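**Student:** Provided below: upload39.txt, containing compact mmCIF, C-alpha atoms.
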```txt
# COMPACT_ATOMS: atom_id res chain seq x y z
CA MET A 1 123.55 258.63 8.55
CA ALA A 2 126.03 260.65 10.60
CA HIS A 3 128.31 259.12 13.19
CA ILE A 4 127.71 260.40 16.75
CA PRO A 5 130.78 260.37 19.02
CA LEU A 6 129.90 259.36 22.59
CA ILE A 7 132.52 260.42 25.11
CA THR A 8 132.32 258.20 28.18
CA THR A 9 134.34 255.02 28.35
CA THR A 10 135.25 252.40 25.79
CA GLY A 11 135.92 249.76 28.43
CA ARG A 12 133.39 246.98 28.85
CA THR A 13 135.44 244.70 31.11
CA ASP A 14 137.13 247.11 33.51
CA ASP A 15 136.36 247.95 37.14
CA ASN A 16 133.98 250.86 36.48
CA PRO A 17 130.74 249.64 34.90
CA GLY A 18 129.10 252.88 36.09
CA ASP A 19 130.58 254.85 33.19
CA THR A 20 129.31 252.20 30.80
CA PHE A 21 125.79 252.50 32.26
CA ILE A 22 125.90 256.30 31.89
CA GLY A 23 126.88 256.01 28.22
CA VAL A 24 124.42 253.26 27.37
CA GLY A 25 121.62 255.21 29.03
CA LEU A 26 122.51 258.28 26.98
CA GLN A 27 122.36 256.20 23.80
CA TYR A 28 118.83 255.14 24.71
CA LEU A 29 117.69 258.69 25.51
CA PHE A 30 119.10 260.16 22.30
CA GLU A 31 117.60 257.39 20.19
CA GLN A 32 114.19 258.00 21.77
CA ALA A 33 114.47 261.58 20.51
CA LEU A 34 116.26 261.09 17.19
CA GLY A 35 115.87 257.45 16.19
CA PRO A 36 118.68 254.87 15.78
CA GLN A 37 122.17 256.33 15.49
CA VAL A 38 125.65 255.19 14.50
CA TRP A 39 127.70 255.56 17.67
CA VAL A 40 131.47 255.98 17.94
CA LEU A 41 132.77 255.37 21.45
CA VAL A 42 135.49 257.80 22.56
CA ASP A 43 137.36 257.27 25.83
CA ARG A 44 137.20 260.33 28.08
CA PHE A 45 140.29 259.31 30.02
CA GLY A 46 142.88 260.28 27.41
CA PRO A 47 143.46 261.84 23.97
CA LYS A 48 143.86 258.64 21.93
CA GLY A 49 140.22 258.41 20.85
CA PHE A 50 140.16 262.00 19.64
CA ARG A 51 143.29 261.38 17.58
CA ASP A 52 142.18 258.01 16.20
CA TYR A 53 138.71 259.27 15.18
CA GLU A 54 139.61 262.86 14.30
CA ASP A 55 137.92 262.83 10.88
CA VAL A 56 134.71 261.31 12.27
CA ILE A 57 134.65 263.67 15.25
CA ARG A 58 135.23 266.79 13.17
CA GLU A 59 132.48 265.84 10.72
CA ALA A 60 129.92 264.86 13.36
CA PRO A 61 126.91 267.19 13.77
CA PHE A 62 127.48 267.03 17.54
CA LEU A 63 129.16 265.02 20.28
CA VAL A 64 127.62 263.59 23.45
CA TYR A 65 129.62 263.76 26.67
CA GLY A 66 128.49 261.92 29.77
CA GLY A 67 130.46 261.19 32.84
CA MET A 68 131.07 262.18 36.37
CA PRO A 69 131.68 263.88 38.63
CA GLN A 70 132.46 266.78 36.20
CA TYR A 71 131.95 269.46 38.88
CA ASN A 72 134.27 269.84 41.85
CA ASN A 73 136.92 272.21 43.16
CA TYR A 74 139.73 271.69 40.64
CA ASP A 75 142.32 272.93 43.10
CA ASP A 76 141.55 269.72 45.03
CA TRP A 77 141.94 267.45 42.00
CA LYS A 78 141.60 267.63 38.24
CA HIS A 79 141.61 265.02 35.47
CA TRP A 80 142.43 265.12 31.77
CA TYR A 81 138.76 265.26 30.79
CA ASP A 82 138.09 268.25 33.06
CA ASP A 83 140.31 270.71 31.21
CA ALA A 84 142.74 269.37 28.58
CA MET A 85 140.03 267.46 26.66
CA TRP A 86 138.15 270.72 26.22
CA CYS A 87 141.11 272.98 25.44
CA ASP A 88 143.03 270.59 23.18
CA PHE A 89 140.12 269.19 21.20
CA ILE A 90 136.56 270.39 21.79
CA ILE A 91 137.27 274.13 21.91
CA LYS A 92 140.23 274.03 19.52
CA TRP A 93 138.25 272.12 16.89
CA GLY A 94 135.08 274.20 17.40
CA LEU A 95 132.92 271.18 18.22
CA LYS A 96 129.35 271.28 19.50
CA ILE A 97 128.60 268.97 22.40
CA PHE A 98 125.80 267.84 24.68
CA THR A 99 127.25 268.02 28.21
CA MET A 100 125.18 265.47 30.09
CA ALA A 101 124.68 263.69 33.42
CA GLY A 102 127.22 265.78 35.32
CA GLY A 103 127.44 265.44 39.08
CA ALA A 104 129.27 266.85 42.06
CA GLY A 105 132.53 265.45 43.31
CA PHE A 106 133.52 265.60 46.97
CA SER A 107 135.33 263.11 49.16
CA HIS A 108 132.66 262.60 51.84
CA PRO A 109 128.89 263.05 52.31
CA ASP A 110 129.06 265.55 55.17
CA ILE A 111 128.83 268.83 53.31
CA ASP A 112 125.65 270.70 52.46
CA VAL A 113 124.85 272.28 49.11
CA ASP A 114 125.69 275.86 50.09
CA ALA A 115 129.05 274.86 51.58
CA TYR A 116 129.87 272.80 48.51
CA VAL A 117 129.10 275.71 46.18
CA ALA A 118 131.18 278.06 48.31
CA HIS A 119 134.06 275.59 48.29
CA CYS A 120 134.01 275.40 44.49
CA MET A 121 133.51 279.11 43.90
CA LYS A 122 136.55 280.11 45.97
CA SER A 123 138.71 278.52 43.26
CA LYS A 124 139.39 280.76 40.26
CA LYS A 125 140.62 277.72 38.37
CA THR A 126 137.27 275.97 38.91
CA VAL A 127 135.26 278.95 37.67
CA ARG A 128 137.49 279.27 34.58
CA ILE A 129 137.33 275.56 33.71
CA ILE A 130 133.55 275.32 33.97
CA ARG A 131 132.88 278.59 32.14
CA GLN A 132 135.09 277.62 29.20
CA ARG A 133 132.67 274.77 28.39
CA VAL A 134 129.67 277.03 27.85
CA GLU A 135 130.21 278.25 24.29
CA ASN A 136 130.66 274.76 22.86
CA SER A 137 127.91 273.08 24.90
CA LEU A 138 124.48 272.75 23.35
CA CYS A 139 122.98 272.16 26.81
CA PHE A 140 123.90 270.98 30.29
CA THR A 141 122.15 268.35 32.38
CA VAL A 142 123.08 267.61 35.98
CA ARG A 143 122.12 264.68 38.15
CA ASP A 144 122.24 266.11 41.68
CA SER A 145 121.32 269.24 43.62
CA TYR A 146 124.97 270.09 44.31
CA ALA A 147 125.94 270.41 40.64
CA HIS A 148 122.62 272.13 39.92
CA ALA A 149 123.28 274.79 42.55
CA LEU A 150 126.86 275.34 41.37
CA LEU A 151 125.85 275.93 37.74
CA ASN A 152 123.00 278.19 38.89
CA THR A 153 125.49 280.26 40.87
CA LEU A 154 127.63 280.52 37.73
CA GLU A 155 124.46 281.55 35.82
CA ILE A 156 124.84 278.63 33.42
CA PRO A 157 121.44 277.29 32.29
CA ASN A 158 121.09 273.63 33.18
CA SER A 159 118.47 270.91 33.62
CA TYR A 160 118.32 268.79 36.78
CA LEU A 161 117.38 265.32 35.52
CA PRO A 162 118.08 261.75 36.68
CA CYS A 163 121.44 260.29 35.76
CA SER A 164 121.20 258.60 32.37
CA ALA A 165 122.42 255.33 33.92
CA VAL A 166 118.80 254.75 34.98
CA TRP A 167 117.97 253.91 31.34
CA ALA A 168 120.85 251.50 30.66
CA SER A 169 118.59 248.46 30.93
CA LYS A 170 116.22 249.98 28.34
CA MET A 171 118.95 250.29 25.72
CA TRP A 172 119.96 246.67 26.29
CA ASN A 173 116.35 245.41 26.45
CA ILE A 174 116.83 243.92 29.91
CA GLU A 175 113.47 243.20 31.52
CA PRO A 176 112.69 242.14 35.11
CA SER A 177 113.12 238.41 35.56
CA ARG A 178 109.93 236.40 35.97
CA GLN A 179 111.24 235.22 39.31
CA ARG A 180 113.12 237.75 41.41
CA PRO A 181 114.28 235.81 44.47
CA TYR A 182 117.28 237.85 45.55
CA LEU A 183 118.20 240.71 47.79
CA ILE A 184 121.43 241.99 46.27
CA LEU A 185 124.01 243.66 48.49
CA VAL A 186 126.57 245.82 46.62
CA PRO A 187 129.77 246.82 48.45
CA PRO A 188 131.81 249.90 47.57
CA SER A 189 135.46 249.94 46.68
CA PRO A 190 137.59 248.98 49.73
CA ARG A 191 139.28 252.37 49.37
CA HIS A 192 136.26 253.89 51.11
CA THR A 193 137.17 252.04 54.32
CA PRO A 194 138.48 254.61 56.88
CA LYS A 195 142.20 255.15 56.48
CA ARG A 196 142.91 256.64 59.90
CA VAL A 197 141.99 256.39 63.55
CA GLY A 198 142.74 259.86 64.87
CA ARG A 199 146.23 260.63 63.57
CA ARG A 200 147.22 257.01 63.21
CA ARG A 201 147.13 255.54 59.71
CA ILE A 202 145.55 252.10 59.45
CA PRO A 203 147.69 249.57 57.51
CA ARG A 204 146.24 248.43 54.20
CA ARG A 205 145.93 244.80 55.29
CA ARG A 206 143.99 245.84 58.38
CA ARG A 207 141.70 248.06 56.29
CA LEU A 208 140.90 245.17 53.96
CA GLN A 209 140.09 243.01 56.96
CA GLN A 210 137.78 245.69 58.34
CA PHE A 211 136.10 245.91 54.94
CA ALA A 212 135.58 242.14 54.81
CA ASP A 213 134.31 242.00 58.41
CA SER A 214 131.84 244.84 57.87
CA TRP A 215 130.25 243.45 54.69
CA THR A 216 130.23 239.90 55.99
CA ASN A 217 128.35 241.17 59.04
CA LEU A 218 125.75 242.88 56.82
CA TYR A 219 125.40 239.78 54.66
CA THR A 220 124.94 237.52 57.70
CA THR A 221 122.38 239.80 59.35
CA LEU A 222 120.25 240.09 56.21
CA LYS A 223 120.41 236.34 55.64
CA ARG A 224 119.31 235.66 59.24
CA SER A 225 116.41 238.05 58.65
CA GLY A 226 115.08 235.67 56.02
CA HIS A 227 116.45 237.27 52.85
CA ASN A 228 117.98 235.29 49.99
CA VAL A 229 121.14 237.44 49.84
CA ARG A 230 123.71 237.72 47.09
CA VAL A 231 126.73 240.03 47.30
CA LEU A 232 127.39 241.54 43.87
CA CYS A 233 130.81 243.13 43.33
CA HIS A 234 131.27 245.75 40.60
CA ALA A 235 135.06 245.48 40.78
CA HIS A 236 137.43 242.58 41.19
CA ARG A 237 139.12 244.21 44.21
CA GLU A 238 135.93 243.90 46.27
CA TYR A 239 135.50 240.32 45.13
CA THR A 240 139.08 239.52 46.14
CA ALA A 241 138.67 241.17 49.55
CA LEU A 242 135.48 239.19 50.29
CA ARG A 243 136.52 235.77 48.99
CA GLY A 244 136.74 233.33 51.88
CA ALA A 245 134.59 235.57 54.08
CA ILE A 246 131.29 235.15 52.18
CA PRO A 247 130.21 231.75 50.78
CA SER A 248 131.28 231.38 47.17
CA ASN A 249 127.74 230.67 45.93
CA ALA A 250 126.57 233.99 47.41
CA LEU A 251 129.46 236.12 46.11
CA TRP A 252 129.13 237.33 42.52
CA PHE A 253 131.46 239.27 40.24
CA HIS A 254 131.14 239.94 36.52
CA GLY A 255 133.63 241.79 34.36
CA ASP A 256 130.81 242.46 31.90
CA PRO A 257 128.28 245.28 32.60
CA TYR A 258 125.56 243.59 30.52
CA THR A 259 125.71 240.48 32.68
CA LEU A 260 125.78 242.68 35.77
CA LEU A 261 122.49 244.33 34.78
CA ARG A 262 120.92 240.94 34.12
CA GLN A 263 121.78 239.99 37.69
CA TYR A 264 120.03 243.12 38.96
CA ALA A 265 116.97 242.07 36.98
CA ALA A 266 116.69 238.99 39.21
CA ALA A 267 116.56 241.05 42.44
CA HIS A 268 113.48 242.33 44.21
CA THR A 269 115.65 244.54 46.43
CA VAL A 270 119.08 246.13 46.02
CA VAL A 271 121.11 247.62 48.86
CA SER A 272 124.01 249.35 47.15
CA ALA A 273 127.02 251.37 48.24
CA ARG A 274 127.68 252.14 44.58
CA LEU A 275 125.59 254.89 43.00
CA HIS A 276 125.71 253.09 39.67
CA GLY A 277 124.39 249.98 41.29
CA SER A 278 121.44 251.83 42.81
CA LEU A 279 120.37 253.82 39.75
CA PRO A 280 120.53 251.15 37.01
CA ALA A 281 118.84 248.67 39.35
CA TYR A 282 116.04 251.13 40.08
CA GLY A 283 115.61 251.61 36.34
CA ILE A 284 114.45 247.97 36.16
CA SER A 285 110.80 248.40 37.14
CA GLY A 286 109.71 246.72 40.33
CA THR A 287 113.05 246.99 42.12
CA ARG A 288 113.28 248.33 45.66
CA VAL A 289 116.50 250.27 46.31
CA LEU A 290 118.36 251.46 49.38
CA ASN A 291 121.40 253.54 48.48
CA LEU A 292 124.36 253.78 50.88
CA SER A 293 126.24 257.02 50.21
CA VAL A 294 130.02 257.06 50.52
CA ASP A 295 130.17 260.74 49.46
CA VAL A 296 127.97 263.48 47.94
CA ARG A 297 127.60 261.54 44.68
CA GLY A 298 124.98 259.48 46.47
CA SER A 299 122.67 262.49 46.50
CA ALA A 300 121.94 261.72 42.82
CA VAL A 301 119.38 259.11 43.93
CA GLU A 302 117.28 261.70 45.76
CA ILE A 303 115.51 262.78 42.58
CA PHE A 304 113.55 259.52 43.01
CA PRO A 305 111.58 259.70 46.28
CA ARG A 306 111.09 255.91 46.39
CA ILE A 307 114.86 255.34 46.71
CA ARG A 308 115.95 255.62 50.32
CA ASN A 309 119.38 257.17 50.85
CA LEU A 310 121.55 256.54 53.90
CA ARG A 311 125.09 257.54 54.77
CA ILE A 312 127.23 254.43 54.80
CA SER A 313 128.53 255.31 58.27
CA ASP A 314 124.94 254.99 59.54
CA ALA A 315 124.30 251.64 57.85
CA THR A 316 124.30 249.33 60.86
CA PRO A 317 122.75 245.88 60.37
CA ASP A 318 119.70 246.75 62.49
CA VAL A 319 119.08 249.99 60.58
CA LEU A 320 119.30 248.17 57.25
CA VAL A 321 116.79 245.51 58.26
CA SER A 322 114.35 248.19 59.40
CA MET A 323 114.73 250.37 56.29
CA ILE A 324 114.43 247.47 53.84
CA ASP A 325 110.96 246.72 55.15
CA GLN A 326 109.91 250.29 54.25
CA LEU A 327 111.19 250.36 50.67
CA GLU A 328 108.86 250.85 47.71
CA PRO A 329 109.48 249.36 44.23
CA SER A 330 110.08 251.49 41.16
CA THR A 331 107.27 251.85 38.64
CA PRO A 332 107.22 252.82 34.93
CA GLU A 333 105.61 256.13 35.92
CA ASP A 334 108.79 257.10 37.79
CA PHE A 335 110.64 257.41 34.48
CA ARG A 336 107.96 258.68 32.09
CA ASN A 337 108.22 262.43 32.84
CA PRO A 338 112.05 262.52 33.10
CA GLU A 339 112.36 260.65 29.80
CA ALA A 340 109.98 263.12 28.14
CA ALA A 341 112.02 266.00 29.56
CA TYR A 342 115.21 264.52 28.11
CA ARG A 343 113.56 264.07 24.72
CA GLU A 344 112.30 267.65 24.63
CA LEU A 345 115.67 269.04 25.74
CA ILE A 346 117.61 267.02 23.15
CA GLU A 347 115.28 268.02 20.32
CA SER A 348 115.33 271.71 21.27
CA SER A 349 119.14 271.81 21.74
CA LEU A 350 120.19 270.37 18.39
CA PRO A 351 122.47 272.48 16.22
CA ARG A 352 120.52 274.84 13.97
CA LYS A 353 121.41 272.94 10.82
CA MET A 354 119.62 269.85 12.20
CA LYS A 355 116.36 271.57 13.14
```
I need this file expressed as structure tokens, please.
**Tutor:**
Amino acid sequence: MAHIPLITTTGRTDDNPGDTFIGVGLQYLFEQALGPQVWVLVDRFGPKGFRDYEDVIREAPFLVYGGMPQYNNYDDWKHWYDDAMWCDFIIKWGLKIFTMAGGAGFSHPDIDVDAYVAHCMKSKKTVRIIRQRVENSLCFTVRDSYAHALLNTLEIPNSYLPCSAVWASKMWNIEPSRQRPYLILVPPSPRHTPKRVGRRRIPRRRRLQQFADSWTNLYTTLKRSGHNVRVLCHAHREYTALRGAIPSNALWFHGDPYTLLRQYAAAHTVVSARLHGSLPAYGISGTRVLNLSVDVRGSAVEIFPRIRNLRISDATPDVLVSMIDQLEPSTPEDFRNPEAAYRELIESSLPRKMK
């Protein structure tokens, strides 16, 4: 049996469980199409994994790459995995790769699709970087309408499908708890707290206090409305900022993504300012989800009509209480057609020697 390199993250105890959920979901989707595989985890944040596993990677029939945002204006920012990973390894070694679950990257939610595409297309560097991936990619999937429109403008065939993180619980066999007593509130990173008032920069300590005050207010309002609320932090920095402000028995943090998903399985409702809280939670059937968008990445939930999406700046306590009452739970039917589409795409995109 061949080894399949999976390029996402190798970390299982860091502050970004979202990348883990993307990778685990991809493992599930590929195994539904191809059966059990031998997976080799390769970190997308630097060259070490490519060097350590060079023989395995070069001999693999294909690689799987999943991560985000993947598509943004690279004159604004660019990471190692956007360009150097492709030039130094994938293209140089002539590898074939599934380029999956790509999304848009932009620093705030207040830009429409056409403006986002125009912003990316004005950068020659961006066009070059994205186009250089085409020859080596067996297919492209995108998770939001922004990335979909950008690749369409570049005339790169792509499939608009839910982010693979939705299926993370399936790979780990996490089922809904028999009793689901909690409404889980998921804060974002404190770095999304406004940094300025007009031209005046807000000191870091003051920003952390504003963050704590805001999320404590939401917690208190939801609790007074009769909900059994737990605040679930994806990263230790949120947990640290909220300690002392929210009762310790209601404030959860886990450095382990598996345990994190098990906590979501005990919730009937999730209100999340982290995209990869909203999507994996929704993937656990019967969960109601309200997503709070900190930037355009939040648009990735809109492929599921039952998920309500709200800009975080509009998430006042009264609005949240009203919207929660209108939420609908996920059902197995929500995932059946997208999973079949993934399976068909994977099977049809395999290298010729595997068909």
**Student:** Considering all atoms listed in the file, can you say which of A:Leu222, A:Ile284, A:Leu327, A:Ala315 comes closest to A:Asn173?
**Tutor:**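 Once distances to A:Asn173 are computed over all atoms listed in the file, the minimum belongs to A:Ile284.
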**Student:** Neighbours of A:Leu232 within 10 Å (all atoms listed in the file; same-chain residues fewer than 5 positions away dropped), as a list in words?
**Tutor:** Ile184, Leu185, Val186, Pro187, Glu238, Tyr239, Ala250, Leu251, Trp252, Phe253, His254, Leu260, Gln263, Tyr264, Val270, Ser272 and Gly277 of chain A
**Student:** Fewer than 4 positions away in the same chain doesn't count, so skip those; otherwise give me all residues within 10 Å of A:Ser189, counting all atoms listed in the file, as a compact mmCIF listing (two decimals) with C-alpha atoms, in the coordinates of the input.
**Tutor:**
```txt
# COMPACT_ATOMS: atom_id res chain seq x y z
CA ASP A 15 136.36 247.95 37.14
CA THR A 193 137.17 252.04 54.32
CA PHE A 211 136.10 245.91 54.94
CA CYS A 233 130.81 243.13 43.33
CA HIS A 234 131.27 245.75 40.60
CA ALA A 235 135.06 245.48 40.78
CA HIS A 236 137.43 242.58 41.19
CA ARG A 237 139.12 244.21 44.21
CA GLU A 238 135.93 243.90 46.27
CA TYR A 239 135.50 240.32 45.13
CA ALA A 241 138.67 241.17 49.55
CA ALA A 273 127.02 251.37 48.24
CA ARG A 274 127.68 252.14 44.58
CA VAL A 294 130.02 257.06 50.52
```
**Student:** Report the distance between atom CA of A:Gly102 and atom CA of A:Ala165 in Å, rounded to one decimal place.
**Tutor:**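 Between atom CA of A:Gly102 and atom CA of A:Ala165 the gap is 11.6 Å.
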**Student:** For a quick check of understanding, using all atoms listed in the file, which of A:Pro351, A:Tyr160, A:Thr259, A:His148 has the smallest distance to A:Asn136?
**Tutor:**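 Among the listed residues, A:Pro351 lies closest to A:Asn136.
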**Student:** Give the answer as one residue: which of A:Met323, A:Val301, A:Ile346, A:Leu161 has the shortest atom-to-atom distance to A:Cys139, using only C-alpha atoms?
**Tutor:**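 Of A:Met323, A:Val301, A:Ile346, A:Leu161, the one nearest A:Cys139 is A:Ile346, counting only C-alpha atoms.
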**Student:** Rebuild stretch 92-125 of chain A so that it carries N, CA and C atoms, then output the result as a CSV table (one decimal), in the coordinates of the input.
**Tutor:**
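Listed below is the output, selection-v8.csv:
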```
chain,number,residue,atom,x,y,z
A,92,LYS,N,139.3,273.8,20.6
A,92,LYS,CA,140.2,274.0,19.5
A,92,LYS,C,139.6,273.7,18.2
A,93,TRP,N,138.8,272.6,18.1
A,93,TRP,CA,138.2,272.1,16.9
A,93,TRP,C,136.9,272.7,16.6
A,94,GLY,N,136.4,273.5,17.6
A,94,GLY,CA,135.1,274.2,17.4
A,94,GLY,C,133.9,273.2,17.4
A,95,LEU,N,134.0,272.2,18.2
A,95,LEU,CA,132.9,271.2,18.2
A,95,LEU,C,131.7,271.6,19.0
A,96,LYS,N,130.6,271.1,18.7
A,96,LYS,CA,129.4,271.3,19.5
A,96,LYS,C,129.0,270.0,20.3
A,97,ILE,N,128.7,270.1,21.5
A,97,ILE,CA,128.6,269.0,22.4
A,97,ILE,C,127.4,269.1,23.4
A,98,PHE,N,126.8,268.0,23.6
A,98,PHE,CA,125.8,267.8,24.7
A,98,PHE,C,126.6,267.4,25.9
A,99,THR,N,126.5,268.3,27.0
A,99,THR,CA,127.2,268.0,28.2
A,99,THR,C,126.3,267.5,29.2
A,100,MET,N,126.3,266.2,29.5
A,100,MET,CA,125.2,265.5,30.1
A,100,MET,C,125.6,264.7,31.4
A,101,ALA,N,124.6,264.6,32.2
A,101,ALA,CA,124.7,263.7,33.4
A,101,ALA,C,125.8,264.1,34.3
A,102,GLY,N,126.1,265.3,34.5
A,102,GLY,CA,127.2,265.8,35.3
A,102,GLY,C,126.8,265.8,36.8
A,103,GLY,N,127.7,265.4,37.7
A,103,GLY,CA,127.4,265.4,39.1
A,103,GLY,C,128.5,266.1,39.9
A,104,ALA,N,128.3,266.2,41.2
A,104,ALA,CA,129.3,266.8,42.1
A,104,ALA,C,130.3,265.8,42.5
A,105,GLY,N,131.5,266.3,42.8
A,105,GLY,CA,132.5,265.4,43.3
A,105,GLY,C,133.1,266.0,44.6
A,106,PHE,N,133.0,265.2,45.7
A,106,PHE,CA,133.5,265.6,47.0
A,106,PHE,C,133.8,264.3,47.7
A,107,SER,N,134.8,264.4,48.6
A,107,SER,CA,135.3,263.1,49.2
A,107,SER,C,134.5,262.5,50.3
A,108,HIS,N,133.5,263.2,50.8
A,108,HIS,CA,132.7,262.6,51.8
A,108,HIS,C,131.3,263.2,51.8
A,109,PRO,N,130.3,262.6,52.4
A,109,PRO,CA,128.9,263.0,52.3
A,109,PRO,C,128.5,264.2,53.3
A,110,ASP,N,129.4,264.6,54.1
A,110,ASP,CA,129.1,265.6,55.2
A,110,ASP,C,129.3,267.0,54.8
A,111,ILE,N,128.8,267.4,53.7
A,111,ILE,CA,128.8,268.8,53.3
A,111,ILE,C,127.5,269.2,52.7
A,112,ASP,N,126.9,270.3,53.0
A,112,ASP,CA,125.6,270.7,52.5
A,112,ASP,C,125.9,271.4,51.1
A,113,VAL,N,124.8,271.7,50.5
A,113,VAL,CA,124.8,272.3,49.1
A,113,VAL,C,125.5,273.6,49.1
A,114,ASP,N,125.1,274.5,50.0
A,114,ASP,CA,125.7,275.9,50.1
A,114,ASP,C,127.2,275.8,50.4
A,115,ALA,N,127.6,275.0,51.3
A,115,ALA,CA,129.0,274.9,51.6
A,115,ALA,C,129.8,274.3,50.4
A,116,TYR,N,129.2,273.4,49.7
A,116,TYR,CA,129.9,272.8,48.5
A,116,TYR,C,130.1,273.9,47.4
A,117,VAL,N,129.0,274.6,47.2
A,117,VAL,CA,129.1,275.7,46.2
A,117,VAL,C,130.2,276.7,46.6
A,118,ALA,N,130.2,277.1,47.8
A,118,ALA,CA,131.2,278.1,48.3
A,118,ALA,C,132.6,277.5,48.2
A,119,HIS,N,132.8,276.2,48.4
A,119,HIS,CA,134.1,275.6,48.3
A,119,HIS,C,134.5,275.6,46.8
A,120,CYS,N,133.6,275.4,45.9
A,120,CYS,CA,134.0,275.4,44.5
A,120,CYS,C,134.3,276.8,44.0
A,121,MET,N,133.4,277.8,44.4
A,121,MET,CA,133.5,279.1,43.9
A,121,MET,C,134.7,279.9,44.4
A,122,LYS,N,135.4,279.4,45.5
A,122,LYS,CA,136.6,280.1,46.0
A,122,LYS,C,137.8,279.8,45.1
A,123,SER,N,137.6,278.9,44.1
A,123,SER,CA,138.7,278.5,43.3
A,123,SER,C,138.5,279.2,41.9
A,124,LYS,N,139.4,280.1,41.6
A,124,LYS,CA,139.4,280.8,40.3
A,124,LYS,C,139.6,279.8,39.1
A,125,LYS,N,140.4,278.8,39.4
A,125,LYS,CA,140.6,277.7,38.4
A,125,LYS,C,139.3,277.0,38.1
```
